[in-house]
>>> print(open('coords02.cif').read())   # mmCIF, C-alpha atoms
data_upload
loop_
_atom_site.group_PDB
_atom_site.id
_atom_site.type_symbol
_atom_site.label_atom_id
_atom_site.label_comp_id
_atom_site.auth_asym_id
_atom_site.auth_seq_id
_atom_site.Cartn_x
_atom_site.Cartn_y
_atom_site.Cartn_z
ATOM 1 C CA MET R 1 104.647 164.173 53.015
ATOM 2 C CA HIS R 2 106.225 162.000 55.727
ATOM 3 C CA THR R 3 104.594 162.008 59.132
ATOM 4 C CA ASP R 4 106.629 161.021 62.148
ATOM 5 C CA ALA R 5 105.138 158.045 63.983
ATOM 6 C CA TRP R 6 106.093 159.538 67.328
ATOM 7 C CA THR R 7 104.712 163.069 67.079
ATOM 8 C CA GLY R 8 102.246 162.629 64.227
ATOM 9 C CA SER R 9 103.626 165.787 62.636
ATOM 10 C CA ASP R 10 105.771 166.669 59.669
ATOM 11 C CA PRO R 11 109.377 166.295 60.992
ATOM 12 C CA TYR R 12 110.676 169.016 58.651
ATOM 13 C CA ALA R 13 107.845 171.516 58.657
ATOM 14 C CA GLY R 14 108.732 174.939 57.350
ATOM 15 C CA GLY R 15 109.933 173.954 53.901
ATOM 16 C CA ASP R 16 113.583 173.243 54.743
ATOM 17 C CA LEU R 17 114.482 171.219 51.650
ATOM 18 C CA VAL R 18 118.049 170.490 52.817
ATOM 19 C CA THR R 19 116.724 168.967 56.036
ATOM 20 C CA ALA R 20 114.116 167.003 54.070
ATOM 21 C CA ALA R 21 116.779 165.604 51.726
ATOM 22 C CA GLY R 22 119.045 164.839 54.681
ATOM 23 C CA THR R 23 116.212 162.999 56.435
ATOM 24 C CA ASP R 24 115.756 160.792 53.379
ATOM 25 C CA HIS R 25 119.516 160.204 53.279
ATOM 26 C CA VAL R 26 119.523 159.133 56.942
ATOM 27 C CA ARG R 27 116.785 156.573 56.255
ATOM 28 C CA LEU R 28 118.746 155.249 53.302
ATOM 29 C CA VAL R 29 121.998 155.059 55.300
ATOM 30 C CA TYR R 30 120.346 152.530 57.631
ATOM 31 C CA GLU R 31 118.860 150.599 54.723
ATOM 32 C CA TYR R 32 122.160 150.393 52.864
ATOM 33 C CA LEU R 33 124.148 149.472 55.982
ATOM 34 C CA ASP R 34 121.655 146.695 56.736
ATOM 35 C CA THR R 35 121.761 145.274 53.198
ATOM 36 C CA GLY R 36 125.546 145.615 52.937
ATOM 37 C CA ASP R 37 125.443 148.062 50.020
ATOM 38 C CA LEU R 38 128.409 150.113 51.202
ATOM 39 C CA ASP R 39 128.924 151.955 47.902
ATOM 40 C CA ALA R 40 125.340 153.235 48.005
ATOM 41 C CA CYS R 41 125.762 154.188 51.660
ATOM 42 C CA ALA R 42 128.993 156.082 50.902
ATOM 43 C CA SER R 43 127.179 158.069 48.212
ATOM 44 C CA LEU R 44 125.018 159.665 50.947
ATOM 45 C CA LEU R 45 127.928 160.733 53.135
ATOM 46 C CA HIS R 46 129.762 164.058 53.062
ATOM 47 C CA GLU R 47 133.402 163.668 52.048
ATOM 48 C CA HIS R 48 134.554 164.617 55.575
ATOM 49 C CA VAL R 49 131.796 162.781 57.485
ATOM 50 C CA ALA R 50 132.483 162.163 61.177
ATOM 51 C CA LEU R 51 131.167 159.210 63.193
ATOM 52 C CA ASP R 52 131.307 158.765 66.964
ATOM 53 C CA LEU R 53 130.317 155.314 68.205
ATOM 54 C CA PRO R 54 130.501 154.359 71.896
ATOM 55 C CA GLY R 55 133.702 152.525 72.750
ATOM 56 C CA ALA R 56 135.372 153.232 69.406
ATOM 57 C CA PRO R 57 137.714 155.962 68.193
ATOM 58 C CA ALA R 58 136.086 158.707 66.129
ATOM 59 C CA ALA R 59 135.956 157.916 62.413
ATOM 60 C CA HIS R 60 136.537 160.637 59.814
ATOM 61 C CA GLY R 61 135.792 160.244 56.109
ATOM 62 C CA ARG R 62 133.547 157.920 54.120
ATOM 63 C CA THR R 63 135.778 154.858 54.253
ATOM 64 C CA ALA R 64 136.373 155.179 57.996
ATOM 65 C CA PHE R 65 132.621 155.667 58.593
ATOM 66 C CA LEU R 66 131.811 152.446 56.723
ATOM 67 C CA HIS R 67 134.586 150.446 58.414
ATOM 68 C CA ALA R 68 133.538 151.678 61.863
ATOM 69 C CA HIS R 69 129.938 150.570 61.300
ATOM 70 C CA ARG R 70 131.015 147.251 59.800
ATOM 71 C CA ASP R 71 133.502 146.476 62.585
ATOM 72 C CA HIS R 72 131.418 147.790 65.495
ATOM 73 C CA PRO R 73 131.002 145.184 68.271
ATOM 74 C CA GLY R 74 127.965 143.019 67.781
ATOM 75 C CA ALA R 75 128.019 143.319 63.973
ATOM 76 C CA PRO R 76 126.323 142.225 61.813
ATOM 77 C CA ALA R 77 123.032 143.784 62.760
ATOM 78 C CA ARG R 78 120.029 145.495 61.298
ATOM 79 C CA HIS R 79 118.391 148.703 62.431
ATOM 80 C CA GLU R 80 114.731 149.287 63.195
ATOM 81 C CA ILE R 81 113.896 152.973 63.489
ATOM 82 C CA ASP R 82 111.032 153.819 65.850
ATOM 83 C CA HIS R 83 111.207 157.626 65.792
ATOM 84 C CA LEU R 84 112.711 160.129 63.405
ATOM 85 C CA VAL R 85 112.676 163.856 64.113
ATOM 86 C CA ALA R 86 114.286 166.495 61.905
ATOM 87 C CA HIS R 87 114.769 170.249 62.240
ATOM 88 C CA ALA R 88 117.295 172.806 60.979
ATOM 89 C CA ARG R 89 119.706 170.306 59.356
ATOM 90 C CA ASN R 90 119.630 167.986 62.378
ATOM 91 C CA VAL R 91 118.052 164.536 62.353
ATOM 92 C CA VAL R 92 117.516 162.377 65.435
ATOM 93 C CA ALA R 93 116.761 158.696 64.963
ATOM 94 C CA ALA R 94 115.755 156.419 67.829
ATOM 95 C CA GLY R 95 115.448 152.707 67.370
ATOM 96 C CA ARG R 96 116.834 149.259 67.975
ATOM 97 C CA ARG R 97 119.960 147.524 66.715
ATOM 98 C CA LEU R 98 119.061 143.871 66.239
ATOM 99 C CA GLY R 99 121.799 141.293 65.979
ATOM 100 C CA THR R 100 121.534 138.877 63.080
ATOM 101 C CA GLY R 101 122.595 135.263 62.751
ATOM 102 C CA THR R 102 123.680 133.686 66.040
ATOM 103 C CA ASP R 103 123.753 137.097 67.810
ATOM 104 C CA ALA R 104 120.107 137.931 68.474
ATOM 105 C CA THR R 105 120.754 140.765 70.938
ATOM 106 C CA CYS R 106 118.627 143.887 70.781
ATOM 107 C CA VAL R 107 120.054 147.221 71.886
ATOM 108 C CA ARG R 108 118.169 150.519 71.848
ATOM 109 C CA PHE R 109 120.033 153.512 70.433
ATOM 110 C CA VAL R 110 119.694 157.168 69.518
ATOM 111 C CA ASP R 111 121.683 158.642 66.630
ATOM 112 C CA PHE R 112 122.181 162.398 66.237
ATOM 113 C CA PHE R 113 122.916 163.357 62.632
ATOM 114 C CA ARG R 114 124.066 166.697 61.259
ATOM 115 C CA ILE R 115 123.249 167.377 57.614
ATOM 116 C CA ALA R 116 125.657 169.377 55.412
ATOM 117 C CA GLU R 117 124.441 172.294 53.289
ATOM 118 C CA ASP R 118 124.311 169.991 50.257
ATOM 119 C CA GLY R 119 122.008 167.503 52.055
ATOM 120 C CA MET R 120 124.702 164.896 52.656
ATOM 121 C CA VAL R 121 125.221 163.263 56.067
ATOM 122 C CA GLU R 122 127.946 165.323 57.752
ATOM 123 C CA SER R 123 128.187 163.640 61.157
ATOM 124 C CA CYS R 124 126.622 161.045 63.397
ATOM 125 C CA THR R 125 126.944 160.471 67.131
ATOM 126 C CA ARG R 126 125.389 157.313 68.583
ATOM 127 C CA TYR R 127 124.217 156.681 72.144
ATOM 128 C CA TYR R 128 123.105 153.300 73.487
ATOM 129 C CA HIS R 129 120.562 152.647 76.201
ATOM 130 C CA ALA R 130 122.253 151.387 79.330
ATOM 131 C CA VAL R 131 120.770 150.182 82.572
ATOM 132 C CA PRO R 132 121.830 152.570 85.353
#
>>> encode(input="coords02.cif", output="structure tokens")
Amino acid sequence: MHTDAWTGSDPYAGGDLVTAAGTDHVRLVYEYLDTGDLDACASLLHEHVALDLPGAPAAHGRTAFLHAHRDHPGAPARHEIDHLVAHARNVVAAGRRLGTGTDATCVRFVDFFRIAEDGMVESCTRYYHAVP
């Protein structure tokens, strides 16, 4: 059983297997994006996945999702997830986007995922931390 580092509790208590599978898929999405394995990442996405990234037009579909992440300003980067909370086919991931290579910037973010009935990632909306 996974225990969330933030709350110390099971993030999908109650036996919701779809949410549990979706939570694993979310973790793998980050891993595959970071390693550049776009085919593996696409295999976790619902056919009609939607992605909303700040400052970019909404992306619809697997190919558009992958291109939007790849072409997002500041790419390439890797993700470090600090907190992951899941409930009722929703997964919230909070972490840091760390630039790689010559771009060593670190930006905190929160991603809100919706999981489809089949456990695939159905949508993602990202928010970045900004100084007021």
>>> resolve_selection(input="coords02.cif", expression="the PyMOL selection byres ((chain R and resi 34) around 10)", output="PyMOL selection string")
chain R and resi 28-33+35-38+41+70+76-80
>>> resolve_selection(input="coords02.cif", expression="the PyMOL selection byres ((chain R and resi 126-128) around 10)", output="VMD selection string")
chain R and resid 51 to 54 92 to 97 107 to 113 124 to 125 129 to 131
>>> residues_around(input="coords02.cif", residues="Ala42 of chain R", least_positions_apart="2", cutoff="10 Å", atoms="all atoms listed in the file", output="list in words")
Val29, Tyr32, Leu33, Asp37, Leu38, Asp39, Ala40, Leu44, Leu45, His46, Glu47, Val49, Gly61, Arg62, Thr63, Phe65, Leu66, Met120 and Val121 of chain R
>>> atom_distance(input="coords02.cif", atom1="atom CA of Gly119 of chain R", atom2="atom CA of Pro57 of chain R")
25.3 Å
>>> closest_residue(input="coords02.cif", among="R:Asp71, R:Glu122, R:Asp82, R:Glu117", to="Asp16 of chain R", atoms="only C-alpha atoms")
R:Glu117
>>> build_atoms(input="coords02.cif", residues="segment 94-109 of chain R", atoms="N, CA, C and O atoms", output="short mmCIF file (atom, residue, chain, number, x, y, z; two decimals), in the frame of the given file")
data_model
loop_
_atom_site.label_atom_id
_atom_site.label_comp_id
_atom_site.auth_asym_id
_atom_site.auth_seq_id
_atom_site.Cartn_x
_atom_site.Cartn_y
_atom_site.Cartn_z
N ALA R 94 115.76 157.31 66.68
CA ALA R 94 115.76 156.42 67.83
C ALA R 94 115.23 155.08 67.36
O ALA R 94 114.25 155.01 66.62
N GLY R 95 115.88 154.02 67.80
CA GLY R 95 115.45 152.71 67.37
C GLY R 95 116.17 151.60 68.09
O GLY R 95 116.69 151.78 69.20
N ARG R 96 116.21 150.45 67.42
CA ARG R 96 116.83 149.26 67.97
C ARG R 96 117.83 148.69 66.98
O ARG R 96 117.58 148.66 65.78
N ARG R 97 118.94 148.22 67.51
CA ARG R 97 119.96 147.52 66.72
C ARG R 97 119.80 146.05 67.04
O ARG R 97 120.02 145.63 68.17
N LEU R 98 119.37 145.28 66.04
CA LEU R 98 119.06 143.87 66.24
C LEU R 98 120.15 143.00 65.63
O LEU R 98 120.40 143.07 64.42
N GLY R 99 120.77 142.20 66.47
CA GLY R 99 121.80 141.29 65.98
C GLY R 99 121.20 140.28 65.03
O GLY R 99 120.05 139.89 65.15
N THR R 100 122.00 139.87 64.05
CA THR R 100 121.53 138.88 63.08
C THR R 100 122.35 137.60 63.25
O THR R 100 123.40 137.60 63.89
N GLY R 101 121.89 136.54 62.66
CA GLY R 101 122.60 135.26 62.75
C GLY R 101 122.51 134.70 64.16
O GLY R 101 121.45 134.66 64.76
N THR R 102 123.66 134.29 64.70
CA THR R 102 123.68 133.69 66.04
C THR R 102 123.59 134.73 67.14
O THR R 102 123.31 134.40 68.28
N ASP R 103 123.82 136.01 66.82
CA ASP R 103 123.75 137.10 67.81
C ASP R 103 122.39 137.78 67.69
O ASP R 103 122.19 138.63 66.83
N ALA R 104 121.47 137.39 68.55
CA ALA R 104 120.11 137.93 68.47
C ALA R 104 119.86 139.05 69.49
O ALA R 104 118.73 139.32 69.85
N THR R 105 120.92 139.70 69.95
CA THR R 105 120.75 140.76 70.94
C THR R 105 120.04 141.97 70.33
O THR R 105 120.15 142.25 69.14
N CYS R 106 119.34 142.68 71.19
CA CYS R 106 118.63 143.89 70.78
C CYS R 106 119.08 145.01 71.70
O CYS R 106 118.98 144.89 72.92
N VAL R 107 119.58 146.08 71.11
CA VAL R 107 120.05 147.22 71.89
C VAL R 107 119.37 148.47 71.35
O VAL R 107 119.38 148.73 70.15
N ARG R 108 118.78 149.25 72.26
CA ARG R 108 118.17 150.52 71.85
C ARG R 108 119.26 151.57 71.68
O ARG R 108 120.24 151.58 72.42
N PHE R 109 119.05 152.46 70.70
CA PHE R 109 120.03 153.51 70.43
C PHE R 109 119.33 154.80 70.00
O PHE R 109 118.17 154.79 69.60
#
